[in-house]
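Novice: Coordinates in entry10.cif, mmCIF, N, CA and C atoms, are listed below.
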```cif
data_target
loop_
_atom_site.label_atom_id
_atom_site.label_comp_id
_atom_site.auth_asym_id
_atom_site.auth_seq_id
_atom_site.Cartn_x
_atom_site.Cartn_y
_atom_site.Cartn_z
N MET S 1 17.50 -8.98 18.51
CA MET S 1 16.99 -8.43 19.75
C MET S 1 16.44 -9.58 20.60
N ARG S 2 16.75 -9.58 21.86
CA ARG S 2 16.24 -10.61 22.76
C ARG S 2 14.99 -10.12 23.47
N CYS S 3 14.21 -11.09 23.94
CA CYS S 3 13.01 -10.72 24.71
C CYS S 3 13.46 -9.97 25.95
N GLY S 4 12.70 -8.98 26.32
CA GLY S 4 13.02 -8.19 27.49
C GLY S 4 13.80 -6.93 27.16
N GLN S 5 14.43 -6.88 25.98
CA GLN S 5 15.13 -5.68 25.58
C GLN S 5 14.13 -4.73 24.94
N PRO S 6 14.33 -3.43 25.15
CA PRO S 6 13.41 -2.49 24.52
C PRO S 6 13.57 -2.52 23.00
N ALA S 7 12.46 -2.35 22.31
CA ALA S 7 12.49 -2.34 20.86
C ALA S 7 13.15 -1.06 20.37
N ALA S 8 13.85 -1.16 19.26
CA ALA S 8 14.48 0.01 18.67
C ALA S 8 13.39 0.93 18.11
N GLU S 9 13.70 2.21 18.07
CA GLU S 9 12.77 3.17 17.49
C GLU S 9 12.58 2.87 16.01
N PRO S 10 11.36 3.01 15.50
CA PRO S 10 11.14 2.76 14.08
C PRO S 10 11.95 3.73 13.23
N SER S 11 12.50 3.22 12.15
CA SER S 11 13.27 4.06 11.24
C SER S 11 12.32 4.87 10.37
N ALA S 12 12.89 5.82 9.65
CA ALA S 12 12.09 6.65 8.75
C ALA S 12 11.42 5.78 7.69
N ILE S 13 12.13 4.77 7.21
CA ILE S 13 11.55 3.91 6.17
C ILE S 13 10.40 3.08 6.74
N ASP S 14 10.47 2.73 8.05
CA ASP S 14 9.34 2.05 8.69
C ASP S 14 8.10 2.93 8.66
N TRP S 15 8.28 4.22 8.93
CA TRP S 15 7.13 5.13 8.92
C TRP S 15 6.57 5.28 7.51
N VAL S 16 7.45 5.37 6.52
CA VAL S 16 6.99 5.47 5.13
C VAL S 16 6.20 4.22 4.76
N GLU S 17 6.73 3.06 5.15
CA GLU S 17 6.06 1.80 4.82
C GLU S 17 4.72 1.69 5.55
N ARG S 18 4.67 2.10 6.79
CA ARG S 18 3.41 2.07 7.53
C ARG S 18 2.37 2.97 6.88
N MET S 19 2.79 4.15 6.45
CA MET S 19 1.87 5.06 5.78
C MET S 19 1.40 4.47 4.45
N ALA S 20 2.31 3.81 3.73
CA ALA S 20 1.93 3.20 2.45
C ALA S 20 0.92 2.08 2.66
N VAL S 21 1.13 1.24 3.67
CA VAL S 21 0.16 0.17 3.97
C VAL S 21 -1.18 0.78 4.38
N GLY S 22 -1.13 1.79 5.23
CA GLY S 22 -2.37 2.45 5.64
C GLY S 22 -3.12 3.05 4.48
N ALA S 23 -2.38 3.68 3.57
CA ALA S 23 -3.02 4.27 2.39
C ALA S 23 -3.63 3.19 1.50
N SER S 24 -2.95 2.06 1.38
CA SER S 24 -3.49 0.96 0.57
C SER S 24 -4.77 0.40 1.18
N VAL S 25 -4.79 0.27 2.49
CA VAL S 25 -5.99 -0.22 3.17
C VAL S 25 -7.13 0.79 3.02
N LEU S 26 -6.83 2.08 3.16
CA LEU S 26 -7.87 3.10 2.94
C LEU S 26 -8.38 3.06 1.51
N CYS S 27 -7.49 2.79 0.57
CA CYS S 27 -7.89 2.67 -0.83
C CYS S 27 -8.86 1.49 -1.00
N LEU S 28 -8.55 0.37 -0.34
CA LEU S 28 -9.45 -0.78 -0.40
C LEU S 28 -10.82 -0.44 0.16
N ILE S 29 -10.83 0.24 1.30
CA ILE S 29 -12.11 0.63 1.91
C ILE S 29 -12.87 1.57 0.98
N HIS S 30 -12.15 2.52 0.40
CA HIS S 30 -12.78 3.48 -0.52
C HIS S 30 -13.35 2.77 -1.74
N CYS S 31 -12.56 1.88 -2.34
CA CYS S 31 -12.99 1.23 -3.59
C CYS S 31 -14.08 0.19 -3.37
N ALA S 32 -14.03 -0.53 -2.28
CA ALA S 32 -15.00 -1.59 -2.05
C ALA S 32 -16.18 -1.12 -1.20
N GLY S 33 -15.91 -0.33 -0.20
CA GLY S 33 -16.95 0.05 0.74
C GLY S 33 -17.79 1.24 0.34
N LEU S 34 -17.16 2.27 -0.21
CA LEU S 34 -17.90 3.49 -0.54
C LEU S 34 -18.99 3.25 -1.58
N PRO S 35 -18.73 2.53 -2.67
CA PRO S 35 -19.82 2.28 -3.63
C PRO S 35 -21.00 1.53 -3.00
N LEU S 36 -20.70 0.57 -2.13
CA LEU S 36 -21.79 -0.16 -1.46
C LEU S 36 -22.59 0.75 -0.56
N LEU S 37 -21.88 1.61 0.17
CA LEU S 37 -22.55 2.55 1.07
C LEU S 37 -23.41 3.54 0.27
N LEU S 38 -22.87 4.05 -0.83
CA LEU S 38 -23.62 5.01 -1.64
C LEU S 38 -24.82 4.34 -2.33
N ALA S 39 -24.68 3.08 -2.70
CA ALA S 39 -25.81 2.36 -3.29
C ALA S 39 -26.91 2.13 -2.26
N ALA S 40 -26.50 1.89 -1.01
CA ALA S 40 -27.48 1.66 0.05
C ALA S 40 -28.13 2.96 0.50
N LEU S 41 -27.39 4.03 0.45
CA LEU S 41 -27.91 5.32 0.91
C LEU S 41 -27.71 6.38 -0.18
N PRO S 42 -28.57 6.40 -1.20
CA PRO S 42 -28.38 7.32 -2.32
C PRO S 42 -28.28 8.79 -1.91
N ALA S 43 -28.94 9.19 -0.84
CA ALA S 43 -28.88 10.59 -0.41
C ALA S 43 -27.47 10.96 0.03
N LEU S 44 -26.70 9.98 0.48
CA LEU S 44 -25.33 10.25 0.92
C LEU S 44 -24.43 10.67 -0.24
N SER S 45 -24.77 10.22 -1.45
CA SER S 45 -23.94 10.56 -2.60
C SER S 45 -23.94 12.07 -2.87
N ARG S 46 -24.95 12.77 -2.42
CA ARG S 46 -24.98 14.23 -2.57
C ARG S 46 -24.05 14.89 -1.56
N LEU S 47 -23.88 14.27 -0.41
CA LEU S 47 -23.01 14.84 0.62
C LEU S 47 -21.54 14.52 0.41
N VAL S 48 -21.25 13.35 -0.15
CA VAL S 48 -19.88 12.91 -0.36
C VAL S 48 -19.52 13.16 -1.82
N ALA S 49 -18.98 14.32 -2.08
CA ALA S 49 -18.58 14.68 -3.43
C ALA S 49 -17.06 14.59 -3.53
N LEU S 50 -16.59 13.46 -4.05
CA LEU S 50 -15.15 13.27 -4.20
C LEU S 50 -14.73 13.77 -5.58
N PRO S 51 -13.64 14.50 -5.64
CA PRO S 51 -13.20 15.01 -6.94
C PRO S 51 -12.76 13.88 -7.87
N GLU S 52 -12.93 14.09 -9.16
CA GLU S 52 -12.55 13.08 -10.15
C GLU S 52 -11.04 12.82 -10.12
N THR S 53 -10.27 13.78 -9.66
CA THR S 53 -8.81 13.65 -9.64
C THR S 53 -8.29 12.93 -8.39
N LEU S 54 -9.18 12.49 -7.51
CA LEU S 54 -8.75 11.86 -6.27
C LEU S 54 -7.84 10.66 -6.54
N HIS S 55 -8.20 9.81 -7.48
CA HIS S 55 -7.39 8.62 -7.76
C HIS S 55 -6.01 8.99 -8.29
N LEU S 56 -5.94 10.05 -9.07
CA LEU S 56 -4.64 10.49 -9.57
C LEU S 56 -3.76 11.00 -8.43
N TRP S 57 -4.35 11.75 -7.50
CA TRP S 57 -3.58 12.26 -6.36
C TRP S 57 -3.10 11.11 -5.48
N ILE S 58 -3.94 10.12 -5.28
CA ILE S 58 -3.53 8.95 -4.49
C ILE S 58 -2.37 8.24 -5.19
N LEU S 59 -2.45 8.11 -6.49
CA LEU S 59 -1.39 7.47 -7.26
C LEU S 59 -0.09 8.27 -7.17
N VAL S 60 -0.20 9.59 -7.24
CA VAL S 60 0.98 10.46 -7.13
C VAL S 60 1.65 10.29 -5.77
N LEU S 61 0.89 10.04 -4.73
CA LEU S 61 1.46 9.81 -3.40
C LEU S 61 1.96 8.37 -3.23
N ALA S 62 1.24 7.41 -3.82
CA ALA S 62 1.58 5.99 -3.64
C ALA S 62 2.86 5.60 -4.35
N VAL S 63 3.09 6.09 -5.54
CA VAL S 63 4.24 5.65 -6.32
C VAL S 63 5.56 5.98 -5.62
N PRO S 64 5.80 7.24 -5.22
CA PRO S 64 7.10 7.50 -4.58
C PRO S 64 7.24 6.88 -3.19
N SER S 65 6.18 6.91 -2.38
CA SER S 65 6.32 6.36 -1.03
C SER S 65 6.49 4.84 -1.07
N SER S 66 5.66 4.17 -1.86
CA SER S 66 5.79 2.72 -1.97
C SER S 66 7.09 2.33 -2.65
N GLY S 67 7.42 3.04 -3.72
CA GLY S 67 8.65 2.74 -4.43
C GLY S 67 9.87 2.87 -3.53
N LEU S 68 9.93 3.94 -2.75
CA LEU S 68 11.06 4.15 -1.83
C LEU S 68 11.15 3.03 -0.80
N ALA S 69 10.04 2.75 -0.15
CA ALA S 69 10.04 1.72 0.90
C ALA S 69 10.41 0.35 0.34
N LEU S 70 9.87 0.00 -0.81
CA LEU S 70 10.15 -1.31 -1.38
C LEU S 70 11.58 -1.41 -1.93
N LEU S 71 12.08 -0.34 -2.50
CA LEU S 71 13.46 -0.35 -2.99
C LEU S 71 14.47 -0.44 -1.85
N VAL S 72 14.24 0.32 -0.78
CA VAL S 72 15.14 0.25 0.38
C VAL S 72 15.10 -1.14 0.98
N GLY S 73 13.90 -1.72 1.08
CA GLY S 73 13.78 -3.07 1.62
C GLY S 73 14.51 -4.08 0.76
N THR S 74 14.36 -3.98 -0.55
CA THR S 74 15.04 -4.90 -1.46
C THR S 74 16.55 -4.76 -1.34
N TRP S 75 17.02 -3.54 -1.20
CA TRP S 75 18.45 -3.29 -1.02
C TRP S 75 18.96 -3.94 0.26
N ARG S 76 18.15 -3.91 1.32
CA ARG S 76 18.58 -4.48 2.61
C ARG S 76 18.49 -6.00 2.65
N HIS S 77 17.37 -6.57 2.23
CA HIS S 77 17.20 -8.02 2.39
C HIS S 77 17.52 -8.79 1.12
N ARG S 78 17.72 -8.12 0.00
CA ARG S 78 18.16 -8.73 -1.26
C ARG S 78 17.16 -9.74 -1.84
N LEU S 79 15.90 -9.63 -1.50
CA LEU S 79 14.86 -10.49 -2.08
C LEU S 79 13.92 -9.62 -2.91
N TRP S 80 13.55 -10.10 -4.08
CA TRP S 80 12.77 -9.32 -5.03
C TRP S 80 11.26 -9.48 -4.90
N GLN S 81 10.81 -10.47 -4.14
CA GLN S 81 9.38 -10.76 -4.05
C GLN S 81 8.54 -9.54 -3.64
N PRO S 82 8.91 -8.81 -2.57
CA PRO S 82 8.09 -7.65 -2.19
C PRO S 82 8.08 -6.55 -3.25
N LEU S 83 9.24 -6.30 -3.86
CA LEU S 83 9.32 -5.28 -4.89
C LEU S 83 8.48 -5.67 -6.10
N LEU S 84 8.51 -6.93 -6.49
CA LEU S 84 7.71 -7.41 -7.61
C LEU S 84 6.22 -7.28 -7.30
N ALA S 85 5.80 -7.72 -6.11
CA ALA S 85 4.39 -7.61 -5.73
C ALA S 85 3.95 -6.15 -5.69
N GLY S 86 4.79 -5.30 -5.10
CA GLY S 86 4.46 -3.88 -5.04
C GLY S 86 4.42 -3.24 -6.41
N GLY S 87 5.35 -3.63 -7.29
CA GLY S 87 5.34 -3.10 -8.65
C GLY S 87 4.10 -3.50 -9.41
N ILE S 88 3.68 -4.75 -9.26
CA ILE S 88 2.44 -5.21 -9.89
C ILE S 88 1.27 -4.40 -9.33
N GLY S 89 1.27 -4.21 -8.00
CA GLY S 89 0.19 -3.44 -7.38
C GLY S 89 0.13 -2.02 -7.90
N LEU S 90 1.28 -1.35 -7.99
CA LEU S 90 1.30 0.03 -8.50
C LEU S 90 0.86 0.08 -9.97
N ALA S 91 1.28 -0.92 -10.75
CA ALA S 91 0.87 -0.97 -12.16
C ALA S 91 -0.64 -1.14 -12.29
N LEU S 92 -1.22 -2.00 -11.45
CA LEU S 92 -2.67 -2.19 -11.49
C LEU S 92 -3.41 -0.93 -11.04
N LEU S 93 -2.88 -0.27 -10.00
CA LEU S 93 -3.48 0.99 -9.55
C LEU S 93 -3.42 2.04 -10.66
N ALA S 94 -2.26 2.13 -11.32
CA ALA S 94 -2.11 3.10 -12.40
C ALA S 94 -3.06 2.77 -13.56
N ALA S 95 -3.17 1.50 -13.90
CA ALA S 95 -4.08 1.10 -14.98
C ALA S 95 -5.52 1.47 -14.64
N GLY S 96 -5.91 1.21 -13.40
CA GLY S 96 -7.27 1.55 -12.98
C GLY S 96 -7.52 3.05 -13.03
N ALA S 97 -6.55 3.83 -12.57
CA ALA S 97 -6.74 5.29 -12.50
C ALA S 97 -6.56 5.97 -13.85
N LEU S 98 -5.66 5.47 -14.69
CA LEU S 98 -5.32 6.17 -15.93
C LEU S 98 -5.97 5.58 -17.17
N LEU S 99 -6.03 4.26 -17.26
CA LEU S 99 -6.52 3.63 -18.48
C LEU S 99 -7.98 3.21 -18.41
N PHE S 100 -8.44 2.84 -17.22
CA PHE S 100 -9.79 2.29 -17.08
C PHE S 100 -10.68 3.11 -16.16
N ALA S 101 -10.35 4.40 -15.99
CA ALA S 101 -11.16 5.27 -15.13
C ALA S 101 -12.59 5.34 -15.66
N GLU S 102 -13.53 5.27 -14.73
CA GLU S 102 -14.95 5.36 -15.06
C GLU S 102 -15.45 4.21 -15.92
N THR S 103 -14.78 3.06 -15.86
CA THR S 103 -15.24 1.86 -16.57
C THR S 103 -15.49 0.77 -15.52
N PRO S 104 -16.16 -0.30 -15.90
CA PRO S 104 -16.38 -1.39 -14.94
C PRO S 104 -15.09 -2.06 -14.46
N GLN S 105 -14.00 -1.92 -15.19
CA GLN S 105 -12.73 -2.55 -14.82
C GLN S 105 -11.97 -1.77 -13.75
N GLU S 106 -12.33 -0.50 -13.55
CA GLU S 106 -11.57 0.35 -12.62
C GLU S 106 -11.53 -0.21 -11.20
N VAL S 107 -12.65 -0.56 -10.65
CA VAL S 107 -12.71 -1.02 -9.26
C VAL S 107 -11.97 -2.35 -9.07
N PRO S 108 -12.21 -3.38 -9.90
CA PRO S 108 -11.45 -4.62 -9.69
C PRO S 108 -9.94 -4.43 -9.84
N LEU S 109 -9.50 -3.61 -10.79
CA LEU S 109 -8.07 -3.36 -10.96
C LEU S 109 -7.50 -2.66 -9.74
N THR S 110 -8.23 -1.69 -9.23
CA THR S 110 -7.75 -0.93 -8.08
C THR S 110 -7.71 -1.80 -6.82
N ILE S 111 -8.71 -2.63 -6.63
CA ILE S 111 -8.72 -3.52 -5.47
C ILE S 111 -7.57 -4.52 -5.57
N ALA S 112 -7.40 -5.12 -6.74
CA ALA S 112 -6.29 -6.06 -6.92
C ALA S 112 -4.94 -5.36 -6.71
N GLY S 113 -4.81 -4.16 -7.23
CA GLY S 113 -3.57 -3.41 -7.05
C GLY S 113 -3.30 -3.11 -5.59
N SER S 114 -4.32 -2.72 -4.85
CA SER S 114 -4.16 -2.44 -3.43
C SER S 114 -3.75 -3.70 -2.66
N LEU S 115 -4.35 -4.83 -2.99
CA LEU S 115 -4.00 -6.08 -2.32
C LEU S 115 -2.56 -6.49 -2.60
N PHE S 116 -2.13 -6.38 -3.85
CA PHE S 116 -0.73 -6.67 -4.19
C PHE S 116 0.21 -5.73 -3.43
N LEU S 117 -0.16 -4.46 -3.36
CA LEU S 117 0.69 -3.48 -2.69
C LEU S 117 0.77 -3.75 -1.20
N VAL S 118 -0.34 -4.06 -0.57
CA VAL S 118 -0.33 -4.40 0.86
C VAL S 118 0.54 -5.64 1.10
N PHE S 119 0.36 -6.67 0.27
CA PHE S 119 1.18 -7.87 0.41
C PHE S 119 2.66 -7.52 0.29
N GLY S 120 3.01 -6.73 -0.73
CA GLY S 120 4.41 -6.36 -0.92
C GLY S 120 4.98 -5.62 0.27
N HIS S 121 4.23 -4.67 0.82
CA HIS S 121 4.72 -3.90 1.96
C HIS S 121 4.84 -4.76 3.22
N VAL S 122 3.85 -5.58 3.48
CA VAL S 122 3.89 -6.44 4.68
C VAL S 122 5.05 -7.42 4.58
N ARG S 123 5.23 -8.02 3.42
CA ARG S 123 6.35 -8.95 3.21
C ARG S 123 7.69 -8.23 3.34
N ASN S 124 7.77 -7.05 2.77
CA ASN S 124 8.99 -6.24 2.84
C ASN S 124 9.33 -5.91 4.30
N TRP S 125 8.32 -5.49 5.05
CA TRP S 125 8.55 -5.13 6.45
C TRP S 125 9.03 -6.34 7.24
N ARG S 126 8.38 -7.47 7.02
CA ARG S 126 8.77 -8.70 7.74
C ARG S 126 10.20 -9.12 7.39
N LEU S 127 10.57 -9.02 6.14
CA LEU S 127 11.93 -9.39 5.74
C LEU S 127 12.97 -8.43 6.33
N ARG S 128 12.64 -7.16 6.37
CA ARG S 128 13.58 -6.20 6.95
C ARG S 128 13.75 -6.39 8.45
N HIS S 129 12.75 -6.95 9.12
CA HIS S 129 12.76 -7.11 10.56
C HIS S 129 12.87 -8.56 11.00
N ARG S 130 13.24 -9.44 10.12
CA ARG S 130 13.26 -10.86 10.47
C ARG S 130 14.31 -11.20 11.53
N HIS S 131 15.32 -10.40 11.69
CA HIS S 131 16.33 -10.66 12.72
C HIS S 131 15.87 -10.21 14.10
N HIS S 132 14.67 -9.65 14.19
CA HIS S 132 14.12 -9.18 15.47
C HIS S 132 13.17 -10.22 16.09
N ARG S 133 13.41 -11.49 15.85
CA ARG S 133 12.53 -12.55 16.37
C ARG S 133 12.65 -12.66 17.89
N HIS S 134 11.54 -12.99 18.52
CA HIS S 134 11.52 -13.23 19.97
C HIS S 134 11.51 -14.73 20.23
N GLY S 135 12.05 -15.10 21.38
CA GLY S 135 11.93 -16.51 21.75
C GLY S 135 13.16 -17.21 21.87
#
```
Show me, as structure tokens, the structure contained in the file I just sent.

Specialist:
Amino acid sequence: MRCGQPAAEPSAIDWVERMAVGASVLCLIHCAGLPLLLAALPALSRLVALPETLHLWILVLAVPSSGLALLVGTWRHRLWQPLLAGGIGLALLAAGALLFAETPQEVPLTIAGSLFLVFGHVRNWRLRHRHHRHG
């Protein structure tokens, strides 16, 4: 695409990838920010009652959406780096939610998993759109 030409409409996989990145960022905010906020304002913990199954539901949504976006990207650009990073991220998220729930390891695993997943999605998106350079 040349400068001055209108951008193509985002594909369905672009929307899936955007939602996956957004969900990963929200996960980071939830895992890192919410405990700090609740520690600073203990009364807020009574108002914010998150179900114990929240992490499982997030994982159930993250695996298919991230998996689809990363697999389609790998099929298009033929590079494994984003898929590998995303797979590591999903594995860390699953370990945090399933194996280390309610332990001190849960938060660091989940944060690391979210960071790997965001990196994988951003790299995947850039590789899929690398032919759209301006200049």

Novice: Please provide the set of residues having any atom within 8 Å of segment 62-70 of chain S, restricted to all atoms listed in the file, with same-chain residues fewer than 3 positions apart removed, written as a list in words.

Specialist: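 Counting only the stated atoms, we get Ile13, Asp14, Val16, Glu17, Arg18, Met19, Ala20, Val21, Ala23, Ser24, Leu56, Trp57, Ile58, Leu59, Gly73, Thr74, Trp75, Arg76, Pro82, Leu83, Leu84, Gly86, Gly87, Leu90, Gly120, His121, Asn124 and Trp125 of chain S.
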
Novice: DSSP on the backbone, alpha helix (DSSP H) only: what residues of segment 14-127 of chain S does that give? Format it as a PyMOL selection string.

Specialist: chain S and resi 14-28+34-40+44-47+54-77+81-94+106-127

Novice: What is the distance, in Å and to one decimal place, between atom CA of Arg128 of chain S and atom CA of Leu92 of chain S?

Specialist: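 Taking atom CA of Arg128 of chain S as the start and atom CA of Leu92 of chain S as the end point, the length is 24.9 Å.
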
Novice: In Å, with one decimal, what is the gap from atom CA of Pro51 of chain S to atom N of Leu26 of chain S?

Specialist: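 Between atom CA of Pro51 of chain S and atom N of Leu26 of chain S the gap is 17.6 Å.
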
Novice: Rounded to one decimal, what separation in Å do you get between atom CA of Ala91 of chain S and atom CA of Cys27 of chain S?

Specialist: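 Straight-line distance from atom CA of Ala91 of chain S to atom CA of Cys27 of chain S works out to 14.8 Å.
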
Novice: I would like the residues chosen by the PyMOL selection byres ((chain S and resi 93) around 8) on the shown file; could you give them as a short mmCIF file (atom, residue, chain, number, x, y, z; two decimals) with N, CA and C atoms, keeping the file's coordinate frame?

Specialist:
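Output file out37.cif follows:
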```
data_model
loop_
_atom_site.label_atom_id
_atom_site.label_comp_id
_atom_site.auth_asym_id
_atom_site.auth_seq_id
_atom_site.Cartn_x
_atom_site.Cartn_y
_atom_site.Cartn_z
N HIS S 55 -8.20 9.81 -7.48
CA HIS S 55 -7.39 8.62 -7.76
C HIS S 55 -6.01 8.99 -8.29
N LEU S 59 -2.45 8.11 -6.49
CA LEU S 59 -1.39 7.47 -7.26
C LEU S 59 -0.09 8.27 -7.17
N GLY S 87 5.35 -3.63 -7.29
CA GLY S 87 5.34 -3.10 -8.65
C GLY S 87 4.10 -3.50 -9.41
N ILE S 88 3.68 -4.75 -9.26
CA ILE S 88 2.44 -5.21 -9.89
C ILE S 88 1.27 -4.40 -9.33
N GLY S 89 1.27 -4.21 -8.00
CA GLY S 89 0.19 -3.44 -7.38
C GLY S 89 0.13 -2.02 -7.90
N LEU S 90 1.28 -1.35 -7.99
CA LEU S 90 1.30 0.03 -8.50
C LEU S 90 0.86 0.08 -9.97
N ALA S 91 1.28 -0.92 -10.75
CA ALA S 91 0.87 -0.97 -12.16
C ALA S 91 -0.64 -1.14 -12.29
N LEU S 92 -1.22 -2.00 -11.45
CA LEU S 92 -2.67 -2.19 -11.49
C LEU S 92 -3.41 -0.93 -11.04
N ALA S 94 -2.26 2.13 -11.32
CA ALA S 94 -2.11 3.10 -12.40
C ALA S 94 -3.06 2.77 -13.56
N ALA S 95 -3.17 1.50 -13.90
CA ALA S 95 -4.08 1.10 -14.98
C ALA S 95 -5.52 1.47 -14.64
N GLY S 96 -5.91 1.21 -13.40
CA GLY S 96 -7.27 1.55 -12.98
C GLY S 96 -7.52 3.05 -13.03
N ALA S 97 -6.55 3.83 -12.57
CA ALA S 97 -6.74 5.29 -12.50
C ALA S 97 -6.56 5.97 -13.85
N LEU S 98 -5.66 5.47 -14.69
CA LEU S 98 -5.32 6.17 -15.93
C LEU S 98 -5.97 5.58 -17.17
N LEU S 99 -6.03 4.26 -17.26
CA LEU S 99 -6.52 3.63 -18.48
C LEU S 99 -7.98 3.21 -18.41
N LEU S 109 -9.50 -3.61 -10.79
CA LEU S 109 -8.07 -3.36 -10.96
C LEU S 109 -7.50 -2.66 -9.74
N THR S 110 -8.23 -1.69 -9.23
CA THR S 110 -7.75 -0.93 -8.08
C THR S 110 -7.71 -1.80 -6.82
N ILE S 111 -8.71 -2.63 -6.63
CA ILE S 111 -8.72 -3.52 -5.47
C ILE S 111 -7.57 -4.52 -5.57
N ALA S 112 -7.40 -5.12 -6.74
CA ALA S 112 -6.29 -6.06 -6.92
C ALA S 112 -4.94 -5.36 -6.71
N GLY S 113 -4.81 -4.16 -7.23
CA GLY S 113 -3.57 -3.41 -7.05
C GLY S 113 -3.30 -3.11 -5.59
N SER S 114 -4.32 -2.72 -4.85
CA SER S 114 -4.16 -2.44 -3.43
C SER S 114 -3.75 -3.70 -2.66
#
```

Novice: With 8 Å on each side, where is the centre of the axis-aligned box around all listed atoms of segment 70-84 of chain S, and how long are its edges in Å to one decimal, as JSON?

Specialist:
```
{"center_x": 12.6, "center_y": -5.2, "center_z": -2.5, "size_x": 28.7, "size_y": 27.1, "size_z": 26.3}
```

Novice: Save N, CA and C atoms of segment 114-128 of chain S from the block above as a short mmCIF file (atom, residue, chain, number, x, y, z; two decimals), in the first residue's frame.

Specialist:
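part.cif, written as the output of this step:
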```
data_model
loop_
_atom_site.label_atom_id
_atom_site.label_comp_id
_atom_site.auth_asym_id
_atom_site.auth_seq_id
_atom_site.Cartn_x
_atom_site.Cartn_y
_atom_site.Cartn_z
N SER S 114 1.09 -13.36 30.21
CA SER S 114 0.45 -12.25 29.50
C SER S 114 1.45 -11.47 28.66
N LEU S 115 2.64 -11.24 29.20
CA LEU S 115 3.67 -10.52 28.45
C LEU S 115 4.12 -11.31 27.22
N PHE S 116 4.34 -12.61 27.38
CA PHE S 116 4.69 -13.44 26.22
C PHE S 116 3.58 -13.41 25.18
N LEU S 117 2.34 -13.48 25.63
CA LEU S 117 1.21 -13.50 24.71
C LEU S 117 1.08 -12.17 23.97
N VAL S 118 1.23 -11.07 24.67
CA VAL S 118 1.18 -9.75 24.01
C VAL S 118 2.31 -9.65 22.99
N PHE S 119 3.52 -10.05 23.37
CA PHE S 119 4.64 -10.01 22.42
C PHE S 119 4.32 -10.85 21.19
N GLY S 120 3.82 -12.06 21.39
CA GLY S 120 3.50 -12.93 20.27
C GLY S 120 2.47 -12.32 19.34
N HIS S 121 1.42 -11.73 19.90
CA HIS S 121 0.37 -11.12 19.07
C HIS S 121 0.87 -9.88 18.33
N VAL S 122 1.61 -9.03 19.01
CA VAL S 122 2.12 -7.82 18.36
C VAL S 122 3.09 -8.19 17.24
N ARG S 123 3.97 -9.14 17.49
CA ARG S 123 4.91 -9.59 16.46
C ARG S 123 4.16 -10.24 15.30
N ASN S 124 3.17 -11.04 15.60
CA ASN S 124 2.36 -11.69 14.58
C ASN S 124 1.66 -10.66 13.70
N TRP S 125 1.07 -9.66 14.34
CA TRP S 125 0.36 -8.62 13.59
C TRP S 125 1.32 -7.86 12.68
N ARG S 126 2.47 -7.51 13.22
CA ARG S 126 3.46 -6.78 12.41
C ARG S 126 3.94 -7.60 11.23
N LEU S 127 4.17 -8.88 11.43
CA LEU S 127 4.62 -9.74 10.33
C LEU S 127 3.54 -9.90 9.27
N ARG S 128 2.30 -10.01 9.69
CA ARG S 128 1.21 -10.15 8.72
C ARG S 128 1.01 -8.87 7.92
#
```
